[in-house]
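Below is the file entry38.cif, which contains mmCIF, C-alpha atoms.
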data_entry
loop_
_atom_site.label_atom_id
_atom_site.label_comp_id
_atom_site.auth_asym_id
_atom_site.auth_seq_id
_atom_site.Cartn_x
_atom_site.Cartn_y
_atom_site.Cartn_z
CA MET A 17 -22.51 36.83 12.16
CA GLU A 18 -20.37 35.80 9.19
CA LEU A 19 -19.38 32.66 10.99
CA LEU A 20 -23.00 31.71 11.59
CA ALA A 21 -23.74 32.20 7.91
CA PHE A 22 -20.78 29.96 7.13
CA PHE A 23 -21.98 27.15 9.39
CA ASP A 24 -25.44 27.52 7.91
CA GLN A 25 -24.05 27.10 4.40
CA LEU A 26 -21.75 24.32 5.52
CA TRP A 27 -24.70 22.35 6.90
CA LEU A 28 -26.67 22.93 3.69
CA ALA A 29 -23.72 21.78 1.63
CA ARG A 30 -22.80 18.78 3.75
CA LEU A 31 -23.82 16.24 1.11
CA PRO A 32 -21.84 17.74 -1.83
CA ILE A 33 -18.81 18.11 0.44
CA LEU A 34 -19.04 14.53 1.64
CA LYS A 35 -19.44 13.36 -1.95
CA GLY A 36 -16.38 15.41 -2.84
CA VAL A 37 -14.38 13.79 -0.05
CA GLY A 38 -15.56 10.40 -1.31
CA VAL A 39 -14.42 11.18 -4.86
CA THR A 40 -11.07 12.50 -3.61
CA VAL A 41 -10.50 9.36 -1.56
CA SER A 42 -11.51 7.03 -4.39
CA ILE A 43 -9.31 8.86 -6.91
CA SER A 44 -6.37 8.60 -4.54
CA LEU A 45 -7.00 4.93 -3.71
CA LEU A 46 -7.39 3.92 -7.36
CA ALA A 47 -4.30 5.87 -8.36
CA ILE A 48 -2.25 4.41 -5.51
CA CYS A 49 -3.34 0.82 -6.20
CA ALA A 50 -2.86 0.97 -9.97
CA GLY A 51 0.31 3.04 -9.60
CA SER A 52 1.81 0.64 -7.08
CA VAL A 53 1.21 -2.43 -9.23
CA LEU A 54 2.65 -0.63 -12.26
CA GLY A 55 5.45 0.82 -10.14
CA LEU A 56 6.43 -2.60 -8.83
CA GLY A 57 6.91 -3.72 -12.43
CA VAL A 58 8.87 -0.55 -13.18
CA GLY A 59 11.10 -1.07 -10.15
CA LEU A 60 11.77 -4.73 -11.00
CA ALA A 61 12.54 -3.80 -14.61
CA LEU A 62 14.92 -1.08 -13.45
CA THR A 63 16.77 -3.47 -11.15
CA TYR A 64 16.73 -6.81 -12.96
CA GLY A 65 15.70 -5.99 -16.54
CA VAL A 66 18.00 -6.72 -19.46
CA ARG A 67 19.70 -3.64 -20.81
CA PRO A 68 17.24 -2.51 -23.54
CA VAL A 69 14.29 -2.98 -21.17
CA ARG A 70 16.11 -1.08 -18.47
CA TRP A 71 16.85 1.83 -20.80
CA LEU A 72 13.28 1.96 -21.98
CA VAL A 73 11.88 1.98 -18.46
CA ARG A 74 14.51 4.52 -17.35
CA ALA A 75 13.40 6.81 -20.18
CA TYR A 76 9.77 6.33 -19.09
CA THR A 77 10.43 7.23 -15.44
CA ASP A 78 12.67 10.16 -16.32
CA PHE A 79 10.08 11.53 -18.70
CA ILE A 80 7.25 11.20 -16.20
CA ARG A 81 9.31 12.66 -13.37
CA GLY A 82 10.40 15.57 -15.55
CA THR A 83 6.83 16.56 -16.41
CA PRO A 84 4.57 18.43 -13.98
CA VAL A 85 1.58 16.39 -12.78
CA LEU A 86 -0.79 19.04 -14.09
CA VAL A 87 0.66 18.63 -17.59
CA LEU A 88 0.25 14.85 -17.28
CA VAL A 89 -3.37 15.28 -16.23
CA LEU A 90 -4.18 17.74 -19.03
CA ALA A 91 -2.30 15.67 -21.61
CA SER A 92 -4.03 12.47 -20.58
CA TYR A 93 -7.42 14.19 -20.74
CA TYR A 94 -6.95 15.94 -24.10
CA VAL A 95 -4.46 13.74 -25.95
CA LEU A 96 -6.14 10.38 -25.33
CA SER A 97 -9.45 11.67 -26.68
CA GLY A 98 -7.45 13.03 -29.62
CA VAL A 99 -6.28 9.56 -30.56
CA GLY A 100 -9.76 8.14 -30.28
CA LEU A 101 -9.59 6.69 -26.76
CA ASP A 102 -12.60 8.36 -25.20
CA LEU A 103 -12.03 8.60 -21.46
CA GLY A 104 -14.11 10.69 -19.10
CA PRO A 105 -12.31 13.26 -16.96
CA PHE A 106 -12.37 10.85 -13.99
CA GLN A 107 -10.74 7.98 -15.86
CA ALA A 108 -8.22 10.23 -17.62
CA GLY A 109 -7.29 11.87 -14.32
CA VAL A 110 -6.88 8.60 -12.47
CA LEU A 111 -4.77 7.27 -15.34
CA ALA A 112 -2.47 10.30 -15.19
CA LEU A 113 -2.09 10.03 -11.42
CA ALA A 114 -1.47 6.28 -11.64
CA VAL A 115 1.28 6.84 -14.21
CA PHE A 116 2.79 9.56 -12.02
CA CYS A 117 2.56 7.27 -8.99
CA SER A 118 4.15 4.38 -10.88
CA SER A 119 7.32 6.31 -11.64
CA HIS A 120 7.69 7.27 -7.97
CA VAL A 121 6.96 3.78 -6.67
CA GLY A 122 9.34 2.40 -9.28
CA GLU A 123 12.16 4.54 -7.92
CA ILE A 124 11.32 3.54 -4.35
CA VAL A 125 11.33 -0.17 -5.24
CA ARG A 126 14.61 0.16 -7.13
CA GLY A 127 16.22 2.09 -4.27
CA ALA A 128 15.06 -0.46 -1.72
CA LEU A 129 16.22 -3.48 -3.75
CA GLN A 130 19.59 -1.92 -4.50
CA SER A 131 20.29 -0.97 -0.91
CA ILE A 132 20.18 -4.60 0.23
CA PRO A 133 23.80 -5.73 0.63
CA LYS A 134 25.05 -7.97 -2.17
CA GLY A 135 26.10 -10.59 0.37
CA GLN A 136 22.45 -11.46 0.94
CA SER A 137 21.81 -12.71 -2.57
CA GLU A 138 25.25 -14.35 -2.68
CA ALA A 139 24.44 -16.21 0.53
CA ALA A 140 21.11 -17.30 -0.93
CA LYS A 141 22.91 -18.55 -4.05
CA ALA A 142 25.41 -20.39 -1.87
CA ILE A 143 22.71 -22.38 -0.11
CA GLY A 144 21.20 -23.27 -3.48
CA LEU A 145 18.10 -21.06 -3.75
CA THR A 146 16.80 -20.24 -7.21
CA PHE A 147 16.34 -16.61 -8.18
CA SER A 148 12.61 -16.64 -7.52
CA GLN A 149 13.15 -18.27 -4.13
CA THR A 150 15.85 -15.72 -3.30
CA PHE A 151 13.54 -12.92 -4.33
CA THR A 152 10.46 -14.04 -2.43
CA SER A 153 12.09 -15.14 0.79
CA VAL A 154 15.27 -13.07 1.05
CA LEU A 155 15.09 -9.84 -0.95
CA ALA A 156 11.40 -8.93 -1.05
CA PRO A 157 10.78 -9.00 2.74
CA GLN A 158 13.79 -6.78 3.38
CA ALA A 159 12.96 -4.43 0.52
CA LEU A 160 9.37 -4.12 1.75
CA ARG A 161 10.63 -3.00 5.13
CA LEU A 162 12.86 -0.37 3.53
CA ALA A 163 10.27 0.85 1.03
CA LEU A 164 7.16 1.02 3.20
CA PRO A 165 7.68 4.48 4.83
CA ALA A 166 8.46 6.11 1.46
CA TRP A 167 5.47 4.37 -0.07
CA VAL A 168 3.14 5.83 2.57
CA ASN A 169 4.56 9.27 1.75
CA THR A 170 3.69 8.68 -1.89
CA ALA A 171 0.12 8.01 -0.81
CA ALA A 172 -0.02 11.47 0.80
CA GLU A 173 1.43 12.94 -2.42
CA MET A 174 -1.38 11.29 -4.37
CA VAL A 175 -4.07 12.82 -2.16
CA LYS A 176 -2.48 16.21 -2.75
CA ALA A 177 -2.17 15.60 -6.50
CA SER A 178 -5.84 14.58 -6.71
CA THR A 179 -6.74 18.28 -6.36
CA LEU A 180 -5.41 18.79 -9.89
CA LEU A 181 -8.33 16.81 -11.26
CA SER A 182 -10.58 19.75 -10.36
CA ILE A 183 -9.01 21.56 -13.32
CA ILE A 184 -10.37 19.03 -15.82
CA GLY A 185 -13.76 19.05 -14.10
CA VAL A 186 -13.80 16.04 -11.80
CA ALA A 187 -16.15 16.89 -8.93
CA GLU A 188 -13.76 16.09 -6.10
CA LEU A 189 -13.43 18.03 -2.88
CA LEU A 190 -11.72 21.10 -4.34
CA LEU A 191 -14.15 21.51 -7.25
CA ARG A 192 -17.13 21.05 -4.89
CA THR A 193 -15.61 23.75 -2.70
CA GLN A 194 -15.19 26.08 -5.66
CA GLU A 195 -18.82 25.49 -6.66
CA LEU A 196 -19.90 26.33 -3.13
CA ILE A 197 -17.83 29.48 -3.13
CA SER A 198 -19.28 30.68 -6.39
CA ARG A 199 -22.73 30.27 -4.84
CA THR A 200 -22.09 31.68 -1.38
CA PHE A 201 -19.09 34.03 -1.93
CA LEU A 202 -17.63 32.78 1.35
CA SER A 203 -14.24 32.13 -0.25
CA LEU A 204 -12.10 32.59 2.86
CA GLU A 205 -14.17 30.26 4.99
CA PHE A 206 -14.65 27.50 2.44
CA TYR A 207 -11.10 27.44 1.11
CA PHE A 208 -9.93 27.30 4.70
CA PHE A 209 -12.33 24.46 5.40
CA ALA A 210 -11.20 22.51 2.32
CA GLY A 211 -7.57 23.05 3.27
CA PHE A 212 -8.39 21.81 6.75
CA LEU A 213 -10.03 18.63 5.40
CA TYR A 214 -7.01 17.91 3.19
CA PHE A 215 -4.74 18.58 6.13
CA VAL A 216 -6.65 16.11 8.29
CA ILE A 217 -6.45 13.38 5.63
CA ASN A 218 -2.75 13.94 4.96
CA TYR A 219 -1.79 14.38 8.58
CA GLY A 220 -3.47 11.05 9.28
CA ILE A 221 -1.44 9.45 6.50
CA GLU A 222 1.74 11.10 7.79
CA ARG A 223 1.18 9.83 11.34
CA PHE A 224 0.46 6.40 9.92
CA GLY A 225 3.73 6.60 7.96
CA LYS A 226 5.65 7.46 11.14
CA TYR A 227 3.99 4.53 12.88
CA VAL A 228 4.88 2.16 10.02
CA GLU A 229 8.45 3.49 10.08
CA ARG A 230 8.74 2.74 13.79
CA LYS A 231 7.20 -0.70 13.39
CA THR A 232 9.31 -1.77 10.43
CA SER A 233 12.69 -0.39 11.43
CA THR A 234 15.09 -3.20 12.20
CA PRO A 235 15.81 -3.30 15.90
CA SER A 236 19.44 -2.41 16.43
CA MET B 27 -8.36 7.19 -36.24
CA GLY B 28 -6.66 9.00 -39.11
CA TYR B 29 -4.97 11.66 -37.04
CA THR B 30 -1.97 13.15 -38.80
CA LEU B 31 0.57 14.99 -36.75
CA ASN B 32 1.05 18.56 -37.86
CA PHE B 33 3.39 20.67 -35.81
CA ALA B 34 3.08 23.83 -37.96
CA ALA B 35 0.51 25.52 -35.71
CA VAL B 36 2.53 24.77 -32.59
CA TRP B 37 5.78 26.00 -34.16
CA ARG B 38 4.06 29.28 -35.03
CA SER B 39 3.24 29.76 -31.37
CA PHE B 40 6.60 28.45 -30.20
CA PRO B 41 7.90 31.89 -29.08
CA LEU B 42 4.84 32.10 -26.83
CA LEU B 43 5.73 28.76 -25.25
CA LEU B 44 9.31 29.93 -24.74
CA GLU B 45 8.08 33.10 -23.05
CA GLY B 46 5.94 30.93 -20.81
CA LEU B 47 8.94 28.74 -20.03
CA ALA B 48 11.03 31.78 -19.11
CA LEU B 49 8.29 32.99 -16.78
CA SER B 50 8.03 29.52 -15.20
CA LEU B 51 11.77 29.49 -14.53
CA ALA B 52 11.72 33.03 -13.14
CA LEU B 53 8.81 32.18 -10.82
CA ALA B 54 10.63 29.11 -9.50
CA VAL B 55 13.92 30.96 -8.95
CA VAL B 56 12.34 33.94 -7.17
CA ALA B 57 10.23 31.61 -5.04
CA ILE B 58 13.18 29.48 -3.96
CA LEU B 59 15.25 32.55 -3.09
CA ILE B 60 12.54 33.88 -0.78
CA GLY B 61 11.83 30.32 0.38
CA CYS B 62 15.48 29.87 1.41
CA VAL B 63 15.28 32.89 3.71
CA ILE B 64 12.00 31.66 5.24
CA GLY B 65 13.38 28.13 5.47
CA LEU B 66 16.59 29.21 7.18
CA PHE B 67 14.80 31.19 9.88
CA THR B 68 12.28 28.38 10.34
CA ALA B 69 15.07 25.81 10.62
CA PHE B 70 16.73 27.80 13.39
CA ALA B 71 13.34 28.22 15.06
CA LEU B 72 12.74 24.45 14.83
CA MET B 73 16.02 23.83 16.66
CA SER B 74 15.56 26.62 19.18
CA LYS B 75 15.34 25.81 22.88
CA SER B 76 12.38 28.14 23.35
CA GLY B 77 8.98 26.56 22.79
CA TRP B 78 7.60 29.94 21.68
CA LEU B 79 9.73 29.67 18.55
CA ARG B 80 9.72 25.91 18.12
CA HIS B 81 5.99 25.19 18.25
CA PRO B 82 4.83 27.83 15.73
CA ALA B 83 7.60 26.76 13.36
CA ARG B 84 6.60 23.09 13.69
CA LEU B 85 2.95 24.05 13.09
CA TYR B 86 3.86 26.02 9.95
CA VAL B 87 5.91 23.16 8.51
CA THR B 88 3.30 20.50 9.29
CA VAL B 89 0.35 22.49 7.96
CA ILE B 90 2.04 23.52 4.71
CA ARG B 91 3.48 20.09 4.00
CA ASN B 92 0.10 18.43 4.45
CA THR B 93 -1.99 20.82 2.36
CA PRO B 94 -2.19 20.52 -1.43
CA ILE B 95 -0.35 23.37 -3.15
CA LEU B 96 -3.31 24.08 -5.41
CA VAL B 97 -5.48 24.79 -2.37
CA LEU B 98 -2.79 27.14 -1.03
CA ILE B 99 -2.57 28.97 -4.36
CA LEU B 100 -6.33 29.41 -4.63
CA PHE B 101 -6.52 30.44 -0.98
CA THR B 102 -3.95 33.22 -1.38
CA PHE B 103 -5.43 34.46 -4.60
CA PHE B 104 -9.17 34.22 -3.93
CA ALA B 105 -9.62 34.14 -0.15
CA LEU B 106 -7.04 36.59 1.20
CA PRO B 107 -8.64 39.62 -0.54
CA GLN B 108 -11.54 39.08 1.89
CA LEU B 109 -9.09 39.93 4.67
CA GLY B 110 -7.91 42.99 2.74
CA VAL B 111 -4.73 41.41 1.37
CA ARG B 112 -4.97 42.08 -2.35
CA LEU B 113 -2.14 40.77 -4.53
CA GLY B 114 -1.72 40.55 -8.28
CA LYS B 115 -1.79 37.03 -9.70
CA ILE B 116 1.98 36.77 -10.22
CA GLU B 117 2.82 38.25 -6.82
CA SER B 118 0.23 36.06 -5.14
CA PHE B 119 1.63 32.95 -6.84
CA VAL B 120 5.24 33.78 -5.96
CA VAL B 121 4.32 34.44 -2.33
CA THR B 122 2.45 31.12 -2.12
CA LEU B 123 5.25 29.16 -3.75
CA ALA B 124 7.81 30.82 -1.47
CA ILE B 125 5.84 29.98 1.66
CA TYR B 126 5.27 26.46 0.35
CA SER B 127 8.94 25.88 -0.43
CA GLY B 128 9.93 27.47 2.89
CA ALA B 129 8.31 24.59 4.77
CA TYR B 130 10.16 21.95 2.75
CA LEU B 131 13.45 23.86 2.87
CA ALA B 132 13.13 24.27 6.64
CA GLU B 133 13.25 20.49 7.04
CA ILE B 134 16.16 20.21 4.60
CA PHE B 135 18.10 22.97 6.38
CA ARG B 136 17.37 21.43 9.77
CA GLY B 137 18.90 18.17 8.58
CA GLY B 138 21.88 20.11 7.20
CA LEU B 139 22.39 22.05 10.41
CA LEU B 140 22.36 18.83 12.43
CA SER B 141 25.05 17.39 10.17
CA VAL B 142 27.54 20.20 10.91
CA PRO B 143 29.96 18.81 13.52
CA HIS B 144 29.54 20.22 17.02
CA GLY B 145 33.27 20.87 17.35
CA LEU B 146 33.10 23.70 14.81
CA ARG B 147 30.69 25.66 16.99
CA GLU B 148 32.91 25.11 20.00
CA ALA B 149 35.96 26.19 18.02
CA GLY B 150 34.10 29.37 17.07
CA LEU B 151 33.23 30.04 20.72
CA ALA B 152 36.86 29.40 21.66
CA ILE B 153 38.15 32.12 19.35
CA GLY B 154 35.59 34.53 20.78
CA LEU B 155 32.90 34.70 18.07
CA THR B 156 29.36 35.51 19.11
CA GLU B 157 26.52 33.05 18.49
CA MET B 158 25.35 35.09 15.47
CA GLN B 159 28.86 35.22 13.99
CA ILE B 160 29.27 31.47 14.41
CA ARG B 161 26.00 30.87 12.60
CA SER B 162 26.56 33.29 9.75
CA SER B 163 30.22 32.57 9.01
CA ILE B 164 30.75 28.95 10.05
CA ILE B 165 27.60 26.89 10.29
CA VAL B 166 25.40 28.25 7.49
CA PRO B 167 28.08 28.21 4.73
CA LEU B 168 28.96 24.60 5.59
CA MET B 169 25.32 23.59 5.86
CA ILE B 170 24.52 25.10 2.43
CA ARG B 171 27.20 22.95 0.82
CA ASN B 172 25.87 19.86 2.57
CA VAL B 173 22.28 20.38 1.48
CA LEU B 174 23.03 21.46 -2.09
CA PRO B 175 21.77 18.20 -3.67
CA SER B 176 18.41 18.49 -1.84
CA LEU B 177 18.30 22.18 -2.69
CA SER B 178 18.62 21.47 -6.39
CA SER B 179 15.94 18.80 -6.35
CA THR B 180 13.67 21.28 -4.54
CA LEU B 181 14.29 23.85 -7.27
CA ILE B 182 13.41 21.31 -9.94
CA SER B 183 10.20 20.28 -8.23
CA LEU B 184 9.29 23.94 -7.70
CA PHE B 185 9.84 24.52 -11.40
CA LYS B 186 7.34 21.75 -12.08
CA ASP B 187 4.93 23.21 -9.53
CA THR B 188 4.88 26.51 -11.42
CA SER B 189 2.56 24.74 -13.87
CA LEU B 190 -0.16 25.22 -11.23
CA ALA B 191 -0.01 28.97 -11.81
CA ALA B 192 -2.12 28.23 -14.89
CA ALA B 193 -5.04 27.75 -12.47
CA ILE B 194 -4.99 31.48 -11.66
CA ALA B 195 -4.19 32.49 -15.26
CA VAL B 196 -0.51 33.36 -14.86
CA PRO B 197 0.79 33.13 -18.45
CA GLU B 198 3.46 30.48 -17.83
CA LEU B 199 4.20 27.41 -19.94
CA THR B 200 1.16 25.28 -19.08
CA PHE B 201 -1.19 28.23 -19.47
CA GLU B 202 0.24 29.04 -22.92
CA ALA B 203 0.04 25.39 -23.92
CA ARG B 204 -3.60 25.25 -22.90
CA LYS B 205 -4.29 28.42 -24.87
CA ILE B 206 -2.63 27.03 -28.00
CA ASN B 207 -4.51 23.79 -27.47
CA VAL B 208 -7.84 25.60 -27.39
CA GLU B 209 -7.03 27.94 -30.26
CA THR B 210 -5.60 25.43 -32.73
CA PHE B 211 -7.09 22.08 -31.64
CA ARG B 212 -3.64 20.59 -32.25
CA VAL B 213 -4.06 18.65 -29.02
CA ILE B 214 -1.40 15.97 -29.29
CA GLU B 215 1.30 18.20 -30.77
CA THR B 216 0.80 20.92 -28.16
CA TRP B 217 1.13 18.57 -25.21
CA ILE B 218 4.07 16.70 -26.73
CA VAL B 219 5.95 19.97 -27.22
CA ALA B 220 5.01 21.31 -23.78
CA SER B 221 6.02 18.11 -21.96
CA CYS B 222 9.27 17.92 -23.90
CA LEU B 223 10.04 21.52 -22.94
CA TYR B 224 9.46 20.67 -19.28
CA VAL B 225 11.54 17.49 -19.43
CA ALA B 226 14.38 19.20 -21.31
CA THR B 227 14.45 22.14 -18.89
CA CYS B 228 14.47 19.79 -15.90
CA SER B 229 17.39 17.81 -17.34
CA VAL B 230 19.36 20.96 -18.16
CA LEU B 231 18.67 22.35 -14.68
CA ALA B 232 19.74 19.07 -13.09
CA ALA B 233 22.98 19.01 -15.11
CA LEU B 234 23.77 22.65 -14.32
CA LEU B 235 23.12 22.20 -10.63
CA ARG B 236 25.33 19.10 -10.56
CA GLN B 237 28.13 21.28 -11.98
CA VAL B 238 27.57 23.83 -9.23
CA GLU B 239 27.62 21.07 -6.61
CA GLN B 240 30.95 19.79 -7.90
CA ARG B 241 32.40 23.31 -8.00
CA LEU B 242 31.36 24.02 -4.41
CA ASN B 243 32.17 20.56 -3.10
CA ILE B 244 34.19 20.60 0.10
CA PRO B 245 37.69 19.40 -0.87
CA ARG B 246 38.77 16.39 1.12
#
Reformat the file's structure so that it appears as structure tokens.
Amino acid sequence: MELLAFFDQLWLARLPILKGVGVTVSISLLAICAGSVLGLGVGLALTYGVRPVRWLVRAYTDFIRGTPVLVLVLASYYVLSGVGLDLGPFQAGVLALAVFCSSHVGEIVRGALQSIPKGQSEAAKAIGLTFSQTFTSVLAPQALRLALPAWVNTAAEMVKASTLLSIIGVAELLLRTQELISRTFLSLEFYFFAGFLYFVINYGIERFGKYVERKTSTPS
Amino acid sequence: MGYTLNFAAVWRSFPLLLEGLALSLALAVVAILIGCVIGLFTAFALMSKSGWLRHPARLYVTVIRNTPILVLILFTFFALPQLGVRLGKIESFVVTLAIYSGAYLAEIFRGGLLSVPHGLREAGLAIGLTEMQIRSSIIVPLMIRNVLPSLSSTLISLFKDTSLAAAIAVPELTFEARKINVETFRVIETWIVASCLYVATCSVLAALLRQVEQRLNIPR
């Protein structure tokens, strides 16, 4: 009886839910793309930057990693409008997630670059490659292989963190679900359903990460 | 523009922020203590020979790790009462955080258990200890020392996750900061102070835990 009512409501609400999934996916994609580009810069600065730059970037990553994502989201939403930069909740949220993502990707890039044995770049120097040649054809391919599985994990983290945008009023999957619940009072069913959708998305990403890990591991 | 920083309003409410911080820390500590117990049992279940233990444990870990924590928090607080499980907001949050951390700790403990040399178990059997005695007095104490670094980073990330308790109105640090923000309109100052409190606490926690790690380090 209750279950029938739930499926009834679910069918009625299919469009808002789909829209919510769409918003969740686009938030995550935007945050991952922007965060990865920014994070690549952060990682390079942490590994090769001159000392003052390195300190500055280190302070940036430590600060971001020491702050909860929710605080970043709220701060980006309220503070930026306070200084006159008028961002909507969507833009402010994506910005906060991108910044959060960049500090994680930065650490991944740094870890990957630093775990390549020193002999590799020495060998490249010995055969007369310039730094940019060494980077593009010796270091970057190996670092990519090391960093890819962790990077896919970060993507799953971003999908999970996108739920926090519901708190500043972005109509993504969780907020759509909450709206539905306040209309239908079917909180158990709809929270379960939303959790299930998130699980499906993240489990897909996790399986993909495992696949990438298998594909990119150096055959031994 | 023309925004002048004025910390007076935030300083007046500073004791409130500190109270929130104390509650955040307490929530994280209680959650990780319960989470350790859950994680330990789950880790043993994950490594058990019997599929009846292994499969449910694997399911628990996979589901929790792939669901956003905010969805879990809202589910426990708003949906479980429909099934007759009625918890206060603090209890409900602690339970959720404990179950959430249990899944992550289970994986950490499993890795730690695998890293304990096999010979120690055999030595225990040789001097006539039972399987339970071997686990409780040989394997687990060694494993705990091995996983201490991961354990402390879990505690720090749980401390950051306590900010999500603001979503169900638990008066922790983020909730208090939001309240001050709304009451005083000192947007920038509030979020600067709140983020700095989080970052400072995380650094202090990290330093303290590093001390503990060194103290408990296995002498070589």
Output of the PyMOL selection byres ((chain A) within 6 of (chain B)), listed as a PDB file with C-alpha atoms, keeping the file's coordinate frame:
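Writing the result to selection-v4.pdb gives the following:
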ATOM      1  CA  GLY A  82      10.400  15.570 -15.550  1.00  0.00           C
ATOM      2  CA  THR A  83       6.830  16.560 -16.410  1.00  0.00           C
ATOM      3  CA  PRO A  84       4.570  18.430 -13.980  1.00  0.00           C
ATOM      4  CA  ALA A  91      -2.300  15.670 -21.610  1.00  0.00           C
ATOM      5  CA  VAL A  95      -4.460  13.740 -25.950  1.00  0.00           C
ATOM      6  CA  LYS A 176      -2.480  16.210  -2.750  1.00  0.00           C
ATOM      7  CA  SER A 203     -14.240  32.130  -0.250  1.00  0.00           C
ATOM      8  CA  LEU A 204     -12.100  32.590   2.860  1.00  0.00           C
ATOM      9  CA  TYR A 207     -11.100  27.440   1.110  1.00  0.00           C
ATOM     10  CA  TYR A 214      -7.010  17.910   3.190  1.00  0.00           C
ATOM     11  CA  PHE A 215      -4.740  18.580   6.130  1.00  0.00           C
ATOM     12  CA  ASN A 218      -2.750  13.940   4.960  1.00  0.00           C
TER      13      ASN A 218
END
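In this model, the gap between atom CA of Ser119 of chain A and atom CA of Thr77 of chain A comes to 5.0 Å.
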* Asked: How would you write, as a list in words, the residues chosen by the PyMOL selection byres ((chain B and resi 164) around 12) on this structure?
  -> Leu139, Val142, Pro143, His144, Gly145, Leu146, Arg147, Glu148, Ala149, Gly150, Leu151, Leu155, Thr156, Glu157, Met158, Gln159, Ile160, Arg161, Ser162, Ser163, Ile165, Val166, Pro167, Leu168, Met169, Ile170 and Arg171 of chain B
* **Two-atom distance - atom CA of Arg161 of chain A, atom CA of Ser131 of chain A (Å)** =>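 Spanning atom CA of Arg161 of chain A to atom CA of Ser131 of chain A is a straight-line distance of 11.6 Å.
Take atom CA of Gln149 of chain A and atom CA of Glu123 of chain A: the distance between them is 23.1 Å.
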* Name every residue that the PyMOL selection byres ((chain B and resi 238-242) around 10) selects in this structure, writing the answer as a ChimeraX atom specification with chains first and numbers rising. => /B:170-175,178,232-237,243-245
Export, as a PDB file, keeping the file's coordinate frame, the selected residues with C-alpha atoms.
ATOM      1  CA  ILE B 170      24.520  25.100   2.430  1.00  0.00           C
ATOM      2  CA  ARG B 171      27.200  22.950   0.820  1.00  0.00           C
ATOM      3  CA  ASN B 172      25.870  19.860   2.570  1.00  0.00           C
ATOM      4  CA  VAL B 173      22.280  20.380   1.480  1.00  0.00           C
ATOM      5  CA  LEU B 174      23.030  21.460  -2.090  1.00  0.00           C
ATOM      6  CA  PRO B 175      21.770  18.200  -3.670  1.00  0.00           C
ATOM      7  CA  SER B 178      18.620  21.470  -6.390  1.00  0.00           C
ATOM      8  CA  ALA B 232      19.740  19.070 -13.090  1.00  0.00           C
ATOM      9  CA  ALA B 233      22.980  19.010 -15.110  1.00  0.00           C
ATOM     10  CA  LEU B 234      23.770  22.650 -14.320  1.00  0.00           C
ATOM     11  CA  LEU B 235      23.120  22.200 -10.630  1.00  0.00           C
ATOM     12  CA  ARG B 236      25.330  19.100 -10.560  1.00  0.00           C
ATOM     13  CA  GLN B 237      28.130  21.280 -11.980  1.00  0.00           C
ATOM     14  CA  ASN B 243      32.170  20.560  -3.100  1.00  0.00           C
ATOM     15  CA  ILE B 244      34.190  20.600   0.100  1.00  0.00           C
ATOM     16  CA  PRO B 245      37.690  19.400  -0.870  1.00  0.00           C
TER      17      PRO B 245
END
* To do: May I have the residues within 9 Å of Arg84 of chain B as a list in words, using only C-alpha atoms and disregarding those fewer than 5 positions away in the same chain?
  =>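 My list of contacting residues is Thr68, Ala71, Leu72, Leu79 and Val89 of chain B.
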Excluding Glu138 of chain A and its own-chain neighbours fewer than 6 positions away, which residues fall within 10 Å of it when counting only C-alpha atoms? Please give them as a short mmCIF file (atom, residue, chain, number, x, y, z; two decimals) with C-alpha atoms, in the frame of the given file.
data_model
loop_
_atom_site.label_atom_id
_atom_site.label_comp_id
_atom_site.auth_asym_id
_atom_site.auth_seq_id
_atom_site.Cartn_x
_atom_site.Cartn_y
_atom_site.Cartn_z
CA GLY A 144 21.20 -23.27 -3.48
CA LEU A 145 18.10 -21.06 -3.75
CA THR A 150 15.85 -15.72 -3.30
#
